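What's in query-v9.csv: CSV, C-alpha atoms
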chain,number,residue,atom,x,y,z
M,160,MET,CA,-1.1,-29.9,18.2
M,161,PRO,CA,-1.0,-27.1,15.6
M,162,LEU,CA,-0.2,-23.7,16.9
M,163,LEU,CA,-3.2,-22.3,15.0
M,164,ASN,CA,-6.6,-23.6,14.3
M,165,LEU,CA,-7.0,-25.0,10.8
M,166,PRO,CA,-9.4,-23.1,8.6
M,167,ASP,CA,-12.9,-24.6,8.4
M,168,PHE,CA,-12.4,-25.2,4.7
M,169,THR,CA,-9.2,-27.3,5.1
M,170,ASP,CA,-10.7,-30.7,4.1
M,171,ALA,CA,-12.3,-29.3,1.0
M,172,LEU,CA,-9.1,-27.5,0.0
M,173,LEU,CA,-7.0,-30.6,0.4
M,174,LYS,CA,-9.5,-32.7,-1.6
M,175,ASP,CA,-9.3,-30.0,-4.4
M,176,LEU,CA,-5.5,-30.0,-4.4
M,177,ALA,CA,-5.4,-33.8,-4.5
M,178,GLY,CA,-7.8,-33.8,-7.5
M,179,ARG,CA,-5.3,-31.8,-9.5
M,180,ARG,CA,-2.9,-34.7,-9.8
M,181,THR,CA,-0.6,-33.7,-7.0
M,182,GLU,CA,1.3,-35.5,-4.2
M,183,LEU,CA,0.6,-34.0,-0.8
M,184,VAL,CA,4.0,-33.5,1.0
M,185,THR,CA,4.8,-32.8,4.6
M,186,ILE,CA,7.6,-30.3,5.2
M,187,PRO,CA,9.4,-30.0,8.6
M,188,VAL,CA,8.9,-26.7,10.4
M,189,ILE,CA,12.6,-26.4,11.2
M,190,GLN,CA,14.7,-25.7,8.1
M,191,PRO,CA,18.3,-24.9,7.2
M,192,ALA,CA,18.4,-21.1,6.9
M,193,ALA,CA,21.1,-20.9,4.2
M,194,PRO,CA,18.9,-21.7,1.2
M,195,PHE,CA,16.3,-19.0,2.2
M,196,LEU,CA,19.0,-16.4,3.0
M,197,ASP,CA,20.7,-17.1,-0.4
M,198,MET,CA,17.7,-17.3,-2.7
M,199,ALA,CA,14.6,-15.8,-1.2
M,200,GLY,CA,15.4,-12.1,-1.5
M,201,GLU,CA,16.0,-9.2,0.8
M,202,ASP,CA,12.4,-8.7,1.7
M,203,LEU,CA,11.9,-12.2,3.0
M,204,ARG,CA,15.4,-12.4,4.6
M,205,ARG,CA,14.5,-9.5,6.9
M,206,ARG,CA,11.5,-11.3,8.2
M,207,ILE,CA,12.8,-14.8,8.8
M,208,PHE,CA,13.0,-16.2,12.3
M,209,THR,CA,16.4,-17.7,12.7
M,210,THR,CA,18.2,-19.8,15.4
M,211,GLU,CA,21.2,-22.1,15.6
M,212,SER,CA,21.8,-25.8,16.1
M,213,GLU,CA,24.1,-27.3,18.7
M,214,THR,CA,26.7,-27.7,16.0
M,215,GLY,CA,26.4,-24.0,14.9
M,216,GLU,CA,24.3,-24.6,11.8
M,217,ALA,CA,22.0,-21.7,11.0
M,218,LEU,CA,18.4,-22.8,11.2
M,219,CYS,CA,15.0,-21.1,10.7
M,220,LEU,CA,11.3,-21.6,11.2
M,221,ARG,CA,9.8,-22.4,7.8
M,222,PRO,CA,9.1,-19.1,6.1
M,223,GLU,CA,7.7,-20.5,2.9
M,224,PHE,CA,7.2,-23.8,1.1
M,225,THR,CA,8.7,-23.5,-2.4
M,226,ILE,CA,12.4,-23.9,-1.5
M,227,PRO,CA,11.9,-26.9,0.9
M,228,VAL,CA,9.6,-28.7,-1.5
M,229,CYS,CA,12.3,-28.4,-4.2
M,230,MET,CA,15.0,-29.6,-1.8
M,231,GLY,CA,12.8,-32.6,-0.9
M,232,HIS,CA,12.3,-33.4,-4.6
M,233,ILE,CA,16.1,-33.4,-5.1
M,234,GLU,CA,16.9,-35.4,-2.0
M,235,GLY,CA,14.3,-38.0,-3.0
M,236,ASN,CA,15.8,-38.3,-6.5
M,237,ALA,CA,12.2,-38.1,-7.8
M,238,GLY,CA,11.5,-38.1,-11.5
M,239,THR,CA,9.7,-35.4,-13.4
M,240,PRO,CA,7.2,-34.1,-14.3
M,241,LYS,CA,6.0,-34.0,-10.7
M,242,ARG,CA,3.3,-31.9,-9.0
M,243,TYR,CA,3.4,-31.4,-5.2
M,244,ALA,CA,0.8,-29.9,-3.0
M,245,TYR,CA,1.2,-28.7,0.6
M,246,LEU,CA,-0.7,-27.1,3.5
M,247,GLY,CA,0.8,-25.9,6.7
M,248,GLU,CA,2.0,-23.0,8.8
M,249,VAL,CA,4.7,-20.6,7.8
M,250,PHE,CA,6.5,-18.2,10.1
M,251,ARG,CA,7.7,-14.7,9.2
M,252,GLN,CA,7.4,-11.2,10.5
M,253,ARG,CA,4.6,-9.4,8.7
M,254,ARG,CA,3.8,-5.7,8.4
M,255,GLU,CA,0.1,-6.6,9.1
M,256,GLY,CA,-1.4,-9.7,10.6
M,257,PRO,CA,0.1,-12.5,12.7
M,258,ASN,CA,3.6,-13.8,12.3
M,259,GLU,CA,2.4,-17.4,11.9
M,260,PHE,CA,-0.3,-18.3,9.4
M,261,TYR,CA,-1.3,-21.1,7.1
M,262,GLN,CA,-0.4,-21.4,3.4
M,263,ALA,CA,-1.3,-24.0,0.8
M,264,GLY,CA,-0.2,-24.4,-2.8
M,265,ILE,CA,1.1,-26.4,-5.7
M,266,GLU,CA,4.7,-26.7,-7.1
M,267,ASP,CA,4.7,-28.0,-10.6
M,268,LEU,CA,8.2,-29.4,-11.6
M,269,GLY,CA,9.6,-30.7,-14.8
M,270,ASP,CA,7.0,-29.8,-17.4
M,271,HIS,CA,8.9,-28.5,-20.5
M,272,ASP,CA,5.8,-27.0,-22.0
M,273,VAL,CA,6.4,-23.7,-20.2
M,274,ALA,CA,3.4,-21.8,-21.6
M,275,ALA,CA,1.0,-24.7,-20.7
M,276,ALA,CA,2.5,-25.0,-17.2
M,277,ASP,CA,2.3,-21.3,-16.6
M,278,ALA,CA,-1.4,-21.3,-17.7
M,279,ARG,CA,-2.2,-24.2,-15.5
M,280,ALA,CA,-0.7,-22.5,-12.4
M,281,VAL,CA,-2.8,-19.4,-13.0
M,282,SER,CA,-5.9,-21.5,-13.7
M,283,ASP,CA,-5.4,-23.8,-10.7
M,284,ALA,CA,-5.0,-20.9,-8.3
M,285,LEU,CA,-8.2,-19.2,-9.7
M,286,GLU,CA,-10.3,-22.4,-9.7
M,287,VAL,CA,-9.2,-23.2,-6.1
M,288,LEU,CA,-10.2,-19.7,-4.9
M,289,ARG,CA,-13.5,-19.7,-6.8
M,290,ALA,CA,-14.4,-23.0,-5.0
M,291,LEU,CA,-13.7,-21.4,-1.6
M,292,LEU,CA,-15.3,-18.0,-2.2
M,293,ALA,CA,-18.6,-16.6,-3.1
M,294,ASN,CA,-19.2,-16.2,-6.9
M,295,ASP,CA,-19.2,-12.4,-6.6
M,296,ALA,CA,-15.8,-12.3,-4.7
M,297,GLY,CA,-14.4,-10.1,-7.5
M,298,LEU,CA,-11.2,-11.9,-8.1
M,299,ALA,CA,-8.7,-10.0,-10.1
M,300,VAL,CA,-5.4,-11.3,-11.6
M,301,THR,CA,-2.3,-9.2,-12.1
M,302,ILE,CA,0.5,-10.7,-14.3
M,303,GLY,CA,4.0,-9.6,-14.8
M,304,ASP,CA,7.0,-11.1,-16.7
M,305,GLN,CA,10.6,-10.8,-15.5
M,306,THR,CA,11.9,-12.2,-18.8
M,307,VAL,CA,10.4,-9.3,-20.8
M,308,PHE,CA,11.9,-6.8,-18.3
M,309,GLU,CA,15.3,-8.4,-18.6
M,310,ALA,CA,15.0,-8.4,-22.4
M,311,VAL,CA,14.4,-4.6,-22.4
M,312,LEU,CA,17.4,-4.0,-20.2
M,313,ALA,CA,19.6,-6.2,-22.5
M,314,ALA,CA,18.3,-4.4,-25.6
M,315,LEU,CA,19.2,-1.0,-24.1
M,316,GLY,CA,22.8,-2.2,-23.5
M,317,LEU,CA,23.0,-1.5,-19.8
M,318,PRO,CA,26.2,-2.7,-17.9
M,319,GLU,CA,25.9,-6.1,-16.3
M,320,GLY,CA,26.1,-4.7,-12.8
M,321,TRP,CA,23.2,-2.3,-13.4
M,322,LYS,CA,21.1,-5.0,-15.0
M,323,ARG,CA,21.6,-7.3,-12.0
M,324,ARG,CA,20.6,-4.5,-9.6
M,325,LEU,CA,17.6,-3.6,-11.6
M,326,VAL,CA,16.4,-7.2,-12.0
M,327,ARG,CA,16.8,-7.7,-8.2
M,328,ALA,CA,14.6,-4.6,-7.7
M,329,PHE,CA,11.9,-5.8,-10.2
M,330,GLY,CA,8.5,-5.5,-8.6
M,331,ASP,CA,9.6,-2.7,-6.1
M,332,ARG,CA,8.6,0.4,-8.1
M,333,ALA,CA,10.1,2.8,-5.5
M,334,ALA,CA,13.5,1.0,-5.6
M,335,LEU,CA,13.4,0.8,-9.4
M,336,ASP,CA,12.7,4.5,-9.7
M,337,ALA,CA,15.5,5.4,-7.3
M,338,MET,CA,18.0,3.3,-9.3
M,339,LEU,CA,16.9,4.7,-12.6
M,340,SER,CA,17.2,8.2,-11.2
M,341,SER,CA,20.7,7.5,-10.0
M,342,LEU,CA,21.7,5.8,-13.3
M,343,SER,CA,20.4,8.8,-15.3
M,344,ARG,CA,22.5,11.2,-13.3
M,345,GLY,CA,25.7,9.2,-13.2
M,346,GLU,CA,27.9,9.2,-10.0
M,347,ALA,CA,31.5,9.4,-11.0
M,348,GLY,CA,34.0,8.6,-8.2
M,349,ASN,CA,36.7,11.1,-7.0
M,350,GLY,CA,39.0,9.0,-4.9
M,351,SER,CA,42.7,9.6,-4.9
M,352,SER,CA,43.9,6.6,-2.9
M,353,GLU,CA,46.0,3.7,-4.3
M,354,ALA,CA,42.9,1.5,-4.3
M,355,SER,CA,41.0,4.2,-6.2
M,356,ARG,CA,43.9,4.4,-8.8
M,357,LEU,CA,43.8,0.7,-9.3
M,358,VAL,CA,40.1,0.6,-9.6
M,359,GLU,CA,40.2,3.4,-12.2
M,360,ALA,CA,42.8,1.4,-14.2
M,361,ASN,CA,40.6,-1.7,-13.9
M,362,ASP,CA,43.7,-3.5,-12.5
M,363,ARG,CA,42.1,-6.4,-10.7
M,364,ALA,CA,45.3,-8.3,-9.9
M,365,GLY,CA,47.0,-5.2,-8.5
M,366,LEU,CA,43.8,-4.3,-6.5
M,367,VAL,CA,43.6,-7.8,-5.0
M,368,ALA,CA,47.3,-7.6,-4.0
M,369,HIS,CA,46.9,-4.2,-2.5
M,370,ILE,CA,43.9,-5.2,-0.4
M,371,ALA,CA,45.7,-8.3,0.8
M,372,ASP,CA,48.7,-6.2,1.9
M,373,LEU,CA,46.3,-3.8,3.8
M,374,MET,CA,44.6,-6.7,5.5
M,375,ASP,CA,47.9,-8.3,6.5
M,376,ALA,CA,49.2,-4.9,7.8
M,377,THR,CA,46.2,-4.2,9.9
M,378,GLY,CA,45.8,-7.8,11.1
M,379,TYR,CA,42.3,-8.0,9.5
M,380,SER,CA,41.7,-11.7,8.8
M,381,SER,CA,39.8,-12.6,5.6
M,382,ASN,CA,38.4,-15.6,7.5
M,383,ALA,CA,36.2,-13.2,9.5
M,384,SER,CA,34.8,-11.4,6.4
M,385,ARG,CA,35.2,-11.2,2.6
M,386,THR,CA,38.3,-12.2,0.8
M,387,PRO,CA,40.6,-9.7,-1.0
M,388,GLU,CA,39.2,-11.1,-4.3
M,389,GLU,CA,35.6,-10.5,-3.2
M,390,ILE,CA,36.3,-7.0,-2.0
M,391,ALA,CA,38.2,-6.2,-5.2
M,392,ASP,CA,35.3,-7.4,-7.4
M,393,ARG,CA,32.8,-5.4,-5.4
M,394,LEU,CA,34.9,-2.2,-5.7
M,395,LEU,CA,35.3,-2.8,-9.5
M,396,GLU,CA,31.6,-3.4,-9.9
M,397,LYS,CA,30.7,-0.3,-7.8
M,398,HIS,CA,33.0,1.7,-10.0
M,399,GLU,CA,31.4,0.4,-13.2
M,400,LEU,CA,28.0,1.3,-11.8
M,401,SER,CA,29.1,4.8,-10.8
M,402,GLU,CA,30.6,5.4,-14.3
M,403,ALA,CA,27.5,4.2,-16.2
M,404,ARG,CA,25.0,6.8,-17.3
M,405,LEU,CA,21.6,6.1,-18.8
M,406,GLU,CA,21.0,8.4,-21.8
M,407,ALA,CA,17.8,10.4,-21.9
M,408,HIS,CA,16.3,8.3,-24.7
M,409,ALA,CA,17.0,5.0,-22.8
M,410,PHE,CA,15.6,6.5,-19.6
M,411,SER,CA,12.4,7.5,-21.5
M,412,VAL,CA,12.1,4.0,-23.0
M,413,LEU,CA,12.4,2.3,-19.6
M,414,THR,CA,9.9,4.7,-18.0
M,415,GLU,CA,7.5,4.1,-20.8
M,416,PHE,CA,7.9,0.3,-20.5
M,417,LEU,CA,7.3,0.3,-16.7
M,418,ALA,CA,4.2,2.4,-17.2
M,419,LEU,CA,2.5,-0.3,-19.3
M,420,ASP,CA,-0.7,-1.5,-17.6
M,421,VAL,CA,-3.3,-3.1,-19.9
M,422,GLU,CA,-5.8,-5.9,-20.0
M,423,LEU,CA,-4.0,-9.2,-20.6
M,424,ALA,CA,-5.8,-9.8,-23.9
M,425,GLN,CA,-4.3,-6.5,-25.2
M,426,ALA,CA,-0.8,-7.0,-23.8
M,427,PRO,CA,0.8,-8.8,-26.8
M,428,ALA,CA,-0.2,-6.0,-29.1
M,429,ALA,CA,0.8,-3.3,-26.6
M,430,LEU,CA,4.3,-4.8,-26.1
M,431,ALA,CA,4.8,-5.3,-29.8
M,432,SER,CA,3.9,-1.6,-30.3
M,433,PHE,CA,6.2,-0.5,-27.6
M,434,ALA,CA,9.2,-2.5,-29.0
M,435,ASP,CA,8.6,-1.1,-32.5
M,436,ALA,CA,8.4,2.5,-31.3
M,437,ALA,CA,11.5,2.1,-29.1
M,438,GLY,CA,13.5,0.3,-31.8
M,439,LEU,CA,14.2,-2.7,-29.5
M,440,ASP,CA,14.5,-6.3,-30.7
M,441,LEU,CA,12.4,-8.2,-28.1
M,442,ARG,CA,11.2,-10.9,-30.5
M,443,ALA,CA,12.3,-13.9,-28.4
M,444,ALA,CA,10.9,-12.7,-25.2
M,445,LEU,CA,7.6,-11.5,-26.7
M,446,SER,CA,7.2,-14.8,-28.6
M,447,ARG,CA,7.3,-16.6,-25.2
M,448,PHE,CA,4.9,-14.0,-23.7
M,449,ASP,CA,2.4,-14.4,-26.6
M,450,HIS,CA,2.4,-18.2,-26.3
M,451,ARG,CA,1.7,-17.9,-22.6
M,452,VAL,CA,-1.2,-15.5,-23.1
M,453,ALA,CA,-2.7,-17.8,-25.7
M,454,ALA,CA,-2.3,-20.8,-23.3
M,455,ILE,CA,-4.0,-18.8,-20.5
M,456,ARG,CA,-6.9,-17.9,-22.8
M,457,ASN,CA,-7.3,-21.5,-24.0
M,458,ARG,CA,-7.3,-22.8,-20.4
M,459,SER,CA,-9.2,-20.1,-18.5
M,460,GLY,CA,-11.5,-18.8,-21.3
M,461,ASP,CA,-12.5,-15.4,-19.9
M,462,VAL,CA,-9.4,-13.3,-19.2
M,463,SER,CA,-11.3,-10.0,-18.8
M,464,ALA,CA,-10.3,-9.9,-15.0
M,465,MET,CA,-6.6,-10.3,-15.8
M,466,ARG,CA,-4.2,-7.4,-16.3
M,467,TYR,CA,-0.6,-7.2,-17.4
M,468,ARG,CA,1.6,-4.7,-15.6
M,469,ALA,CA,5.1,-4.3,-16.9
M,470,ALA,CA,6.5,-3.2,-13.6
M,471,PHE,CA,4.8,-6.0,-11.6
M,472,GLY,CA,7.0,-8.4,-9.7
M,473,ARG,CA,7.0,-10.3,-6.5
M,474,PRO,CA,9.6,-9.8,-3.6
M,475,LEU,CA,11.4,-13.1,-4.0
M,476,ASP,CA,14.7,-13.3,-5.9
M,477,TYR,CA,14.2,-16.8,-7.3
M,478,TYR,CA,11.6,-15.9,-10.0
M,479,THR,CA,12.7,-16.0,-13.6
M,480,GLY,CA,9.6,-15.4,-15.8
M,481,LEU,CA,5.9,-15.3,-15.1
M,482,VAL,CA,4.8,-13.7,-11.8
M,483,PHE,CA,1.2,-13.3,-10.8
M,484,GLU,CA,-1.1,-12.4,-7.9
M,485,ILE,CA,-4.8,-12.9,-7.4
M,486,GLY,CA,-6.7,-10.6,-5.1
M,487,ALA,CA,-10.1,-9.6,-3.9
M,488,ALA,CA,-11.5,-7.1,-1.4
M,489,GLY,CA,-8.1,-5.3,-1.3
M,490,GLN,CA,-6.3,-8.6,-0.2
M,491,VAL,CA,-3.7,-10.6,-2.1
M,492,LEU,CA,-5.1,-14.2,-1.8
M,493,ALA,CA,-2.7,-16.1,-4.0
M,494,GLY,CA,0.7,-15.5,-5.7
M,495,GLY,CA,3.2,-17.4,-7.6
M,496,GLY,CA,5.4,-17.6,-10.7
M,497,ARG,CA,8.2,-19.4,-12.6
M,498,TYR,CA,11.5,-20.2,-11.0
M,499,ASP,CA,13.5,-22.3,-13.5
M,500,ARG,CA,17.0,-21.7,-12.0
M,501,MET,CA,16.1,-22.8,-8.5
M,502,LEU,CA,16.5,-26.5,-8.6
M,503,THR,CA,19.9,-26.4,-10.3
M,504,LEU,CA,21.1,-23.9,-7.6
M,505,LEU,CA,19.8,-26.3,-4.9
M,506,GLY,CA,21.9,-29.1,-6.4
M,507,ALA,CA,19.8,-30.8,-9.1
M,508,ALA,CA,22.0,-32.6,-11.7
M,509,LYS,CA,20.2,-30.9,-14.6
M,510,PRO,CA,17.9,-27.9,-15.1
M,511,ILE,CA,14.3,-28.5,-14.1
M,512,PRO,CA,11.6,-26.1,-15.2
M,513,ALA,CA,9.3,-25.1,-12.4
M,514,VAL,CA,6.3,-23.0,-11.6
M,515,GLY,CA,4.0,-22.8,-8.6
M,516,PHE,CA,1.7,-20.7,-6.4
M,517,SER,CA,0.8,-20.2,-2.8
M,518,LEU,CA,-2.6,-19.4,-1.1
M,519,TRP,CA,-2.8,-17.2,2.0
M,520,LEU,CA,-5.5,-19.0,4.1
M,521,ASP,CA,-6.0,-16.4,6.7
M,522,ARG,CA,-6.8,-13.8,4.1
M,523,ILE,CA,-9.1,-16.2,2.3
M,524,THR,CA,-10.9,-16.8,5.7
M,525,ALA,CA,-11.3,-13.0,6.1
M,526,VAL,CA,-12.9,-12.7,2.7
M,527,ARG,CA,-15.2,-15.7,3.4
M,528,GLN,CA,-16.3,-14.2,6.6
M,529,ALA,CA,-17.1,-10.9,4.9
M,530,ASP,CA,-19.1,-12.9,2.3
M,531,GLY,CA,-20.9,-14.9,5.0
M,532,LYS,CA,-19.5,-18.1,3.7
M,533,ALA,CA,-17.3,-19.1,6.7
M,534,GLY,CA,-18.5,-22.0,8.8
M,535,GLY,CA,-20.4,-23.6,6.0
M,536,ALA,CA,-19.4,-26.3,3.6
M,537,ALA,CA,-16.6,-25.2,1.3

Could the structure of this file be written out as C-alpha cells, please?
Amino acid sequence: MPLLNLPDFTDALLKDLAGRRTELVTIPVIQPAAPFLDMAGEDLRRRIFTTESETGEALCLRPEFTIPVCMGHIEGNAGTPKRYAYLGEVFRQRREGPNEFYQAGIEDLGDHDVAAADARAVSDALEVLRALLANDAGLAVTIGDQTVFEAVLAALGLPEGWKRRLVRAFGDRAALDAMLSSLSRGEAGNGSSEASRLVEANDRAGLVAHIADLMDATGYSSNASRTPEEIADRLLEKHELSEARLEAHAFSVLTEFLALDVELAQAPAALASFADAAGLDLRAALSRFDHRVAAIRNRSGDVSAMRYRAAFGRPLDYYTGLVFEIGAAGQVLAGGGRYDRMLTLLGAAKPIPAVGFSLWLDRITAVRQADGKAGGAA
C-alpha cells in the first residue's frame, strides 16, 4: 500500500506521459546514499533521510528520481536516445509541507540536438501542467543558464577556486552576493607557522610531507579523515581564494549581469548588449543560448509568459546548462534542467547529453483545489 493517497489525476497524468514517447520506470524506494551525497548539492544533502545496511553501506529513502533513473539506464546498458517517465513518492525534509510527497517527470537521455531537447523539456512540462490545471492558472516560466554564468566568470579571468565556488552557489543569490563581497575585499592570510610558510611558497610537496609528519607525531590516522594530500590541496586552494581580489570593474560587471531579468524573447539581445558593453567574449555561450530560445519559440509559440533571469538556478549541483521552473499561484509546480556530466560521473562509458523535469503533485493538487478542478476528470 502506498504511504500517501495518489492524486485523483494520476491516471490522466500517466497516460499523458506515456503519450510523449516515454518508457515508464519503477524506481526502488531504498537507494544507495553515495550518489545523492556526491552529486545532488548541499541543499538536498541536508534534507535526505539516511540509514545503513547490515554491511555498513549508506542508504537513503529516495529523495528524487533523476539520479536513480540515470543509474538504471547505465545498469541496463540501454541505448540512446531514450526517454523515461516516472511517478512515485520522494522523501526529504521540507521547509514547508510534508516530508513525503509524489513527484512525476521525464528524463530525456541521449539527444544530441541540445537546443531541441531543451525546448521539448520546457514544452512538455508546460503542456502537462496545462492539461491538469484550469486555463486561467497563470503559469509562468523562469529560465536560467548556468553555461552563460560560467562563460562570464571565465571571461573575467577569475581563479579556478573562486569559479568553482561561485558556480556551486549559482541560483542562491544571497550566497552569491556574500561570495562576491568577500572576493571584492580580498582576505589575505597572516599565518606564521611552517604550514603557512609552505602554503605561501606554493610548495605542495613540502606541505604534504609536513602534514604527514604532524599526523604521525600526533597519532592522527589519515584513514579516519582526509589524507595529507587532500589537506594540502585544500589549504593551497584556500590560500589562492584568500589572495584573489575582484577588481571594481569586474565586480560591477558581475553585478550587472546577475541583475538581468527580461522577457525570454528579449534575452538574446539583452545578453549581446551586456557582453559588448562589458567587453567580454561570450560568443560560444550566447550562440547556444540563442539557438535554445529559437527552439523554444518554434515549439511553444507564445513565449510571453517566459522570463530569463541571469541569476536564476536550481539547488542541485548536477545541472550544467538550462535550468527552469514553472509556477502558478505562488507555487513552483515543475522544475528541471540539463545535466550533461551526470551519466559519465555515474559510470557511463561515454558522455550522454541529458535533460529532464519533475512535477510536484501535491502543489498541483493545491492549485487544482483552488481552481475547483480537483475531483473531476483531469

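For Ile186 (chain M), the set of protein, DNA and RNA residues having any atom at most 8 Å away, when counting all atoms listed in the file and skipping those fewer than 6 positions along the same chain, is Phe224, Pro227 and Val228 of chain M.
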
* Show which residues sit within 9 Å of region 286-289 of chain M, as a ChimeraX atom specification. Count all atoms listed in the file, and ignore same-chain residues fewer than 2 positions away. => /M:172,175-176,281-284,291-294,296,298,492-493,518,523

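For the residues M:Ala328, M:Ala487, M:Val412, M:Ala454, ranking by smallest atom-to-atom distance to Gly438 (chain M) using all atoms listed in the file places M:Val412 first.
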
* **Nearby residues (only C-alpha atoms) at most 9 Å from Ala280 (chain M), same-chain spacing under 2 positions excluded, as a PyMOL selection string** => chain M and resi 265-267+275-278+282-285+495-496+514-516

* Quick one: everything within 10 Å of Arg447 (chain M), counting only C-alpha atoms, minus sequence neighbours fewer than 3 positions away in the same chain. Send it as a PyMOL selection string. => chain M and resi 273-274+306-307+442-444+450-452+480

Taking 6 positions as the minimum chain separation for residues in the same chain, which residues sit within 10 Å of Ala193 (chain M) when counting all atoms listed in the file? Answer as a tab-separated table (two decimals) with C-alpha atoms, in the coordinates of the input.
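What landed in out_0.tsv:
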chain	number	residue	atom	x	y	z
M	199	ALA	CA	14.60	-15.80	-1.20
M	216	GLU	CA	24.30	-24.60	11.80
M	217	ALA	CA	22.00	-21.70	11.00
M	218	LEU	CA	18.40	-22.80	11.20
M	219	CYS	CA	15.00	-21.10	10.70

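Around the point (21.9, -18.4, -1.8), within 10 Å and counting all atoms listed in the file, we find these residues: Ala192, Ala193, Pro194, Phe195, Leu196, Asp197, Met198, Ala199, Gly200, Asp476, Tyr477, Met501, Leu504 and Leu505 of chain M.
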
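Minimum atom-to-atom distance to Glu259 (chain M), evaluated using all atoms listed in the file, belongs to M:Phe208 out of M:Phe208, M:Phe308, M:Tyr243, M:Phe416.
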
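If you look at CA of Ala488 (chain M) and CA of Arg253 (chain M), they are 19.1 Å away from each other.
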
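Between CA of Ala464 (chain M) and CA of Glu484 (chain M) the separation is 11.9 Å.
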